[in-house]
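To be precise, the following lines are target.cif, and they hold mmCIF, C-alpha atoms.
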data_entry
#
loop_
_atom_site.label_atom_id
_atom_site.label_comp_id
_atom_site.auth_asym_id
_atom_site.auth_seq_id
_atom_site.Cartn_x
_atom_site.Cartn_y
_atom_site.Cartn_z
CA MET P 79 1.94 19.33 9.23
CA THR P 80 5.08 18.12 7.42
CA GLU P 81 4.65 14.65 8.94
CA VAL P 82 0.97 14.52 7.95
CA LEU P 83 1.74 15.57 4.38
CA ALA P 84 4.53 13.00 4.05
CA VAL P 85 2.30 10.19 5.33
CA ALA P 86 -0.51 11.23 2.99
CA VAL P 87 1.66 11.42 -0.12
CA ILE P 88 3.61 8.21 0.50
CA THR P 89 0.47 6.27 1.42
CA VAL P 90 -1.59 7.37 -1.56
CA LEU P 91 1.22 6.65 -4.02
CA ALA P 92 2.05 3.28 -2.51
CA VAL P 93 -1.60 2.22 -2.42
CA ILE P 94 -2.35 2.95 -6.07
CA ALA P 95 0.83 1.26 -7.34
CA PRO P 96 -0.18 -2.22 -8.62
CA GLY P 97 0.79 -5.17 -6.43
CA ALA P 98 -0.56 -8.33 -4.80
CA ASP P 99 -3.55 -6.57 -3.22
CA PHE P 100 -4.45 -4.99 -6.56
CA ALA P 101 -4.25 -8.32 -8.39
CA MET P 102 -6.40 -10.05 -5.76
CA VAL P 103 -9.15 -7.39 -5.79
CA VAL P 104 -9.13 -7.23 -9.60
CA ARG P 105 -9.46 -10.99 -9.90
CA ASN P 106 -12.23 -11.37 -7.33
CA SER P 107 -14.19 -8.40 -8.68
CA TYR P 108 -13.91 -9.63 -12.25
CA LEU P 109 -14.84 -13.23 -11.46
CA HIS P 110 -17.30 -12.88 -8.59
CA GLY P 111 -18.75 -9.39 -8.76
CA ARG P 112 -18.69 -6.12 -6.88
CA ARG P 113 -19.62 -7.37 -3.41
CA THR P 114 -16.80 -9.92 -3.38
CA GLY P 115 -14.32 -7.27 -4.52
CA LEU P 116 -15.47 -4.80 -1.87
CA LEU P 117 -15.17 -7.42 0.86
CA GLY P 118 -11.65 -8.16 -0.36
CA ALA P 119 -10.87 -4.43 -0.09
CA LEU P 120 -12.17 -4.44 3.48
CA GLY P 121 -9.94 -7.40 4.27
CA VAL P 122 -6.93 -5.56 2.86
CA ALA P 123 -7.69 -2.53 5.05
CA ALA P 124 -7.91 -4.77 8.13
CA GLY P 125 -4.57 -6.33 7.22
CA VAL P 126 -2.94 -2.91 7.09
CA LEU P 127 -3.99 -2.29 10.70
CA VAL P 128 -2.05 -5.39 11.75
CA HIS P 129 1.12 -4.02 10.11
CA VAL P 130 0.53 -0.62 11.70
CA THR P 131 0.12 -2.09 15.19
CA TYR P 132 3.41 -3.98 15.32
CA THR P 133 5.21 -1.16 13.52
CA MET P 134 4.07 1.41 16.10
CA LEU P 135 5.31 -0.84 18.90
CA GLY P 136 8.64 -1.53 17.17
CA VAL P 137 9.39 2.07 16.18
CA GLY P 138 8.44 3.21 19.67
CA LEU P 139 10.89 0.77 21.21
CA LEU P 140 13.65 1.86 18.84
CA ILE P 141 13.14 5.52 19.69
CA ALA P 142 13.22 4.75 23.41
CA SER P 143 16.20 2.40 23.33
CA SER P 144 18.62 3.57 20.66
CA ALA P 145 18.78 6.75 18.60
CA PHE P 146 21.45 5.12 16.44
CA LEU P 147 19.32 2.09 15.55
CA PHE P 148 16.35 4.33 14.83
CA THR P 149 18.51 6.40 12.46
CA VAL P 150 19.66 3.22 10.72
CA VAL P 151 16.07 2.06 10.25
CA LYS P 152 15.16 5.52 8.98
CA LEU P 153 17.92 5.46 6.35
CA VAL P 154 17.10 1.90 5.29
CA GLY P 155 13.45 2.90 4.97
CA ALA P 156 14.37 5.89 2.83
CA ALA P 157 16.52 3.67 0.62
CA TYR P 158 13.59 1.27 0.24
CA LEU P 159 11.31 4.11 -0.91
CA VAL P 160 13.90 5.09 -3.53
CA TYR P 161 14.17 1.46 -4.64
CA VAL P 162 10.40 1.07 -4.94
CA GLY P 163 10.20 4.37 -6.81
CA VAL P 164 12.80 3.32 -9.37
CA ARG P 165 11.24 -0.13 -9.81
CA THR P 166 7.78 1.38 -10.24
CA PHE P 167 9.00 3.95 -12.76
CA ARG P 168 10.67 1.25 -14.85
CA THR P 169 7.68 -1.11 -14.81
CA ARG P 170 6.39 -1.58 -18.33
CA SER P 171 3.93 -4.44 -18.01
CA GLU P 172 0.60 -4.47 -16.24
CA VAL P 173 0.07 -6.41 -13.05
CA THR P 174 -0.54 -10.12 -13.69
CA VAL P 175 -3.98 -11.37 -12.72
CA ASP P 176 -4.79 -15.08 -12.69
CA LEU P 177 -8.25 -15.57 -14.17
CA GLU P 178 -7.87 -19.27 -14.94
CA HIS P 179 -8.83 -20.85 -11.62
CA SER P 180 -12.26 -19.69 -10.52
CA THR P 181 -13.76 -20.88 -7.23
CA GLU P 182 -16.90 -19.65 -5.51
CA LEU P 183 -16.21 -17.31 -2.61
CA SER P 184 -18.48 -16.79 0.38
CA PRO P 185 -18.52 -13.34 2.01
CA LEU P 186 -16.25 -14.63 4.80
CA ALA P 187 -13.87 -16.22 2.30
CA ALA P 188 -13.68 -12.98 0.30
CA LEU P 189 -12.88 -11.01 3.46
CA ARG P 190 -10.31 -13.58 4.55
CA THR P 191 -8.63 -13.60 1.14
CA GLY P 192 -8.13 -9.83 1.23
CA PHE P 193 -6.88 -9.94 4.81
CA LEU P 194 -4.36 -12.74 4.25
CA THR P 195 -3.12 -11.31 0.95
CA ASN P 196 -2.17 -8.10 2.75
CA VAL P 197 -0.97 -9.50 6.09
CA LEU P 198 1.33 -12.03 4.41
CA ASN P 199 2.73 -9.54 1.91
CA PRO P 200 6.28 -8.52 2.94
CA LYS P 201 6.07 -5.45 0.71
CA THR P 202 3.30 -4.04 2.91
CA THR P 203 5.47 -4.65 5.96
CA LEU P 204 8.33 -2.70 4.39
CA PHE P 205 6.01 0.08 3.23
CA VAL P 206 4.49 0.66 6.68
CA VAL P 207 7.79 0.36 8.54
CA SER P 208 9.53 2.66 6.04
CA THR P 209 6.80 5.29 6.26
CA PHE P 210 6.71 5.31 10.06
CA ALA P 211 10.51 5.43 10.27
CA GLN P 212 10.52 8.55 8.09
CA VAL P 213 7.76 10.56 9.75
CA VAL P 214 7.59 9.45 13.39
CA ARG P 215 9.87 11.42 15.69
CA PRO P 216 10.62 11.14 19.43
CA GLY P 217 7.97 13.77 20.14
CA THR P 218 5.21 12.37 17.93
CA PRO P 219 2.18 11.54 20.15
CA VAL P 220 0.89 7.97 20.11
CA LEU P 221 -2.58 9.15 19.12
CA GLN P 222 -1.12 10.96 16.12
CA GLN P 223 0.74 7.79 15.12
CA ALA P 224 -2.52 5.85 15.43
CA GLY P 225 -4.12 8.46 13.20
CA TYR P 226 -1.47 7.82 10.56
CA GLY P 227 -2.23 4.12 10.75
CA LEU P 228 -5.97 4.64 10.41
CA PHE P 229 -5.36 6.88 7.41
CA MET P 230 -3.26 4.16 5.76
CA SER P 231 -6.01 1.61 6.35
CA LEU P 232 -8.75 3.93 5.10
CA ALA P 233 -6.73 4.83 1.99
CA HIS P 234 -6.44 1.12 1.14
CA LEU P 235 -10.16 0.61 1.69
CA LEU P 236 -11.17 3.55 -0.52
CA TRP P 237 -8.75 2.79 -3.35
CA PHE P 238 -9.46 -0.91 -3.56
CA GLY P 239 -13.15 -0.17 -3.23
CA VAL P 240 -12.79 1.93 -6.38
CA VAL P 241 -10.86 -0.91 -8.03
CA ALA P 242 -13.64 -3.36 -7.13
CA VAL P 243 -16.29 -1.11 -8.67
CA PHE P 244 -14.27 -0.63 -11.86
CA PHE P 245 -13.37 -4.26 -12.40
CA SER P 246 -16.88 -5.53 -11.81
CA HIS P 247 -17.65 -3.86 -15.17
CA ASP P 248 -15.97 -5.10 -18.37
CA ARG P 249 -15.79 -1.71 -20.08
CA MET P 250 -13.97 -0.01 -17.22
CA ARG P 251 -11.35 -2.73 -16.82
CA THR P 252 -9.30 -1.74 -19.88
CA LEU P 253 -9.46 1.95 -19.00
CA MET P 254 -8.13 1.42 -15.49
CA LEU P 255 -5.32 -0.91 -16.54
CA ARG P 256 -4.24 1.55 -19.21
CA GLY P 257 -4.16 4.33 -16.63
CA GLN P 258 -1.84 2.27 -14.41
CA ARG P 259 0.97 2.57 -16.94
CA ILE P 260 0.94 6.36 -16.72
CA LEU P 261 0.58 6.28 -12.94
CA ASN P 262 3.68 4.08 -12.64
CA LYS P 263 5.86 6.86 -14.04
CA VAL P 264 4.39 9.51 -11.75
CA ILE P 265 4.37 7.30 -8.66
CA GLY P 266 7.93 6.10 -9.23
CA SER P 267 9.32 9.61 -9.66
CA VAL P 268 7.63 11.02 -6.56
CA LEU P 269 8.46 8.06 -4.30
CA ALA P 270 12.14 8.13 -5.28
CA GLY P 271 12.26 11.88 -4.71
CA LEU P 272 10.59 11.54 -1.31
CA GLY P 273 13.00 8.79 -0.30
CA VAL P 274 16.00 10.98 -1.07
CA SER P 275 14.60 14.08 0.65
CA LEU P 276 13.49 12.19 3.75
CA ALA P 277 16.87 10.51 4.11
CA PHE P 278 18.49 13.92 4.57
CA ALA P 279 15.73 15.41 6.71
CA PRO P 280 16.68 16.07 10.38
CA SER P 281 15.44 13.52 12.91
CA HIS P 282 14.44 16.07 15.51
#
Rewrite the structure of this file - the entire thing - as structure tokens.
Amino acid sequence: MTEVLAVAVITVLAVIAPGADFAMVVRNSYLHGRRTGLLGALGVAAGVLVHVTYTMLGVGLLIASSAFLFTVVKLVGAAYLVYVGVRTFRTRSEVTVDLEHSTELSPLAALRTGFLTNVLNPKTTLFVVSTFAQVVRPGTPVLQQAGYGLFMSLAHLLWFGVVAVFFSHDRMRTLMLRGQRILNKVIGSVLAGLGVSLAFAPSH
């Protein structure tokens, strides 16, 4: 239950913190409408599954081969969560969205844009690896790990689906961007706190 709660909290906070995926979905929803934004969100969710797949394989190998290396990765991951938390808390400006260059997007192009934005984002790599390093233990079943990964993907899909709906309407855009400033403080504080607590949590 502790693992499940940690995955849920870290994932939700990391997903709603503005980043490259957020900027891409905002832009496409604003310029091309709700369907394009939703397809971008679906692409992002698919990209997360790619990160989860190689992370599960890598963390599994670390656990099997070297307890020391796994502990090192765990501590580095915890430090990264603290770093992200502090950076997020101190963020004052809203995420930058390029609205200057508008090109028509087909459904496939919208899906591909979301997928590539996520897959090629090193921050998503670090987020997934850090999360798995904190919560996955030698006794964690593979199916449970896969469940964590599916939850991460679904959380991205739901959140960016909401973003697409909001930013396809002019009136809601300002409200959501204004809310991000408050969320940054909350998200940053909780992520930093989780990073510190997980770093000192026992590995077994």
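The smallest atom-to-atom distance between P:Thr131 and any of P:Ala224, P:Ala233, P:Val103, P:Leu117, using only C-alpha atoms, is found for P:Ala224.
Considering the residues P:Val241, P:Pro216, P:Ile260, P:Thr202 and counting all atoms listed in the file, P:Thr133 has its shortest atom-to-atom contact with P:Thr202.
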Just want the 12 Å neighbourhood of P:Gln222, counted on all atoms listed in the file, with same-chain residues fewer than 6 positions away dropped. Output as a count of residues only.
11
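Between atom CA of P:Leu109 and atom CA of P:Phe193 the interatomic distance comes to 18.4 Å.
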Picked residues, the PyMOL selection byres ((chain P and resi 88) around 10), expected as JSON, numbers by chain:
{"P": [83, 84, 85, 86, 87, 89, 90, 91, 92, 93, 159, 205, 206, 208, 209, 230, 265, 268, 269, 272, 273]}
For P:Val151, the nearest of the candidates P:Val122, P:Leu189, P:Val207, P:Val164, counting only C-alpha atoms:
P:Val207
Around (15.7, 2.2, -4.7) in the file's own coordinates, what residues are found within 12 Å if you use only C-alpha atoms, given back as a PyMOL selection string?
chain P and resi 153-168+266-267+269-274
Which of these, P:Arg105, P:His129, P:Lys201, P:Arg113, has the shortest distance to P:Ser231 once you count only C-alpha atoms?
P:His129
Under the PyMOL selection byres ((chain P and resi 183) around 12), which residues of this model are included? Write them out as a ChimeraX atom specification.
/P:105-107,109-111,113-115,117-118,180-182,184-192
Those same residues, written as a PDB file, keeping the file's coordinate frame with C-alpha atoms?
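Okay, part_5.pdb is ready:
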ATOM      1  CA  ARG P 105      -9.460 -10.990  -9.900  1.00  0.00           C
ATOM      2  CA  ASN P 106     -12.230 -11.370  -7.330  1.00  0.00           C
ATOM      3  CA  SER P 107     -14.190  -8.400  -8.680  1.00  0.00           C
ATOM      4  CA  LEU P 109     -14.840 -13.230 -11.460  1.00  0.00           C
ATOM      5  CA  HIS P 110     -17.300 -12.880  -8.590  1.00  0.00           C
ATOM      6  CA  GLY P 111     -18.750  -9.390  -8.760  1.00  0.00           C
ATOM      7  CA  ARG P 113     -19.620  -7.370  -3.410  1.00  0.00           C
ATOM      8  CA  THR P 114     -16.800  -9.920  -3.380  1.00  0.00           C
ATOM      9  CA  GLY P 115     -14.320  -7.270  -4.520  1.00  0.00           C
ATOM     10  CA  LEU P 117     -15.170  -7.420   0.860  1.00  0.00           C
ATOM     11  CA  GLY P 118     -11.650  -8.160  -0.360  1.00  0.00           C
ATOM     12  CA  SER P 180     -12.260 -19.690 -10.520  1.00  0.00           C
ATOM     13  CA  THR P 181     -13.760 -20.880  -7.230  1.00  0.00           C
ATOM     14  CA  GLU P 182     -16.900 -19.650  -5.510  1.00  0.00           C
ATOM     15  CA  SER P 184     -18.480 -16.790   0.380  1.00  0.00           C
ATOM     16  CA  PRO P 185     -18.520 -13.340   2.010  1.00  0.00           C
ATOM     17  CA  LEU P 186     -16.250 -14.630   4.800  1.00  0.00           C
ATOM     18  CA  ALA P 187     -13.870 -16.220   2.300  1.00  0.00           C
ATOM     19  CA  ALA P 188     -13.680 -12.980   0.300  1.00  0.00           C
ATOM     20  CA  LEU P 189     -12.880 -11.010   3.460  1.00  0.00           C
ATOM     21  CA  ARG P 190     -10.310 -13.580   4.550  1.00  0.00           C
ATOM     22  CA  THR P 191      -8.630 -13.600   1.140  1.00  0.00           C
ATOM     23  CA  GLY P 192      -8.130  -9.830   1.230  1.00  0.00           C
TER      24      GLY P 192
END
Nearest to P:Leu147, chosen from P:Val197, P:Val240, P:Met102, P:Ala211, with all atoms listed in the file counted in the distances
P:Ala211
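Among the candidates P:Asn262, P:Gln212, P:Gly227, P:Tyr108, the residue lying nearest to P:Arg249 is P:Tyr108 (atoms considered: only C-alpha atoms).
Taking atom CA of P:Ala124 and atom CA of P:Pro219 as endpoints, the distance between them is 22.6 Å.
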Distance of atom CA of P:Ala101 from atom CA of P:His247, expressed in Å to one decimal place
15.7 Å
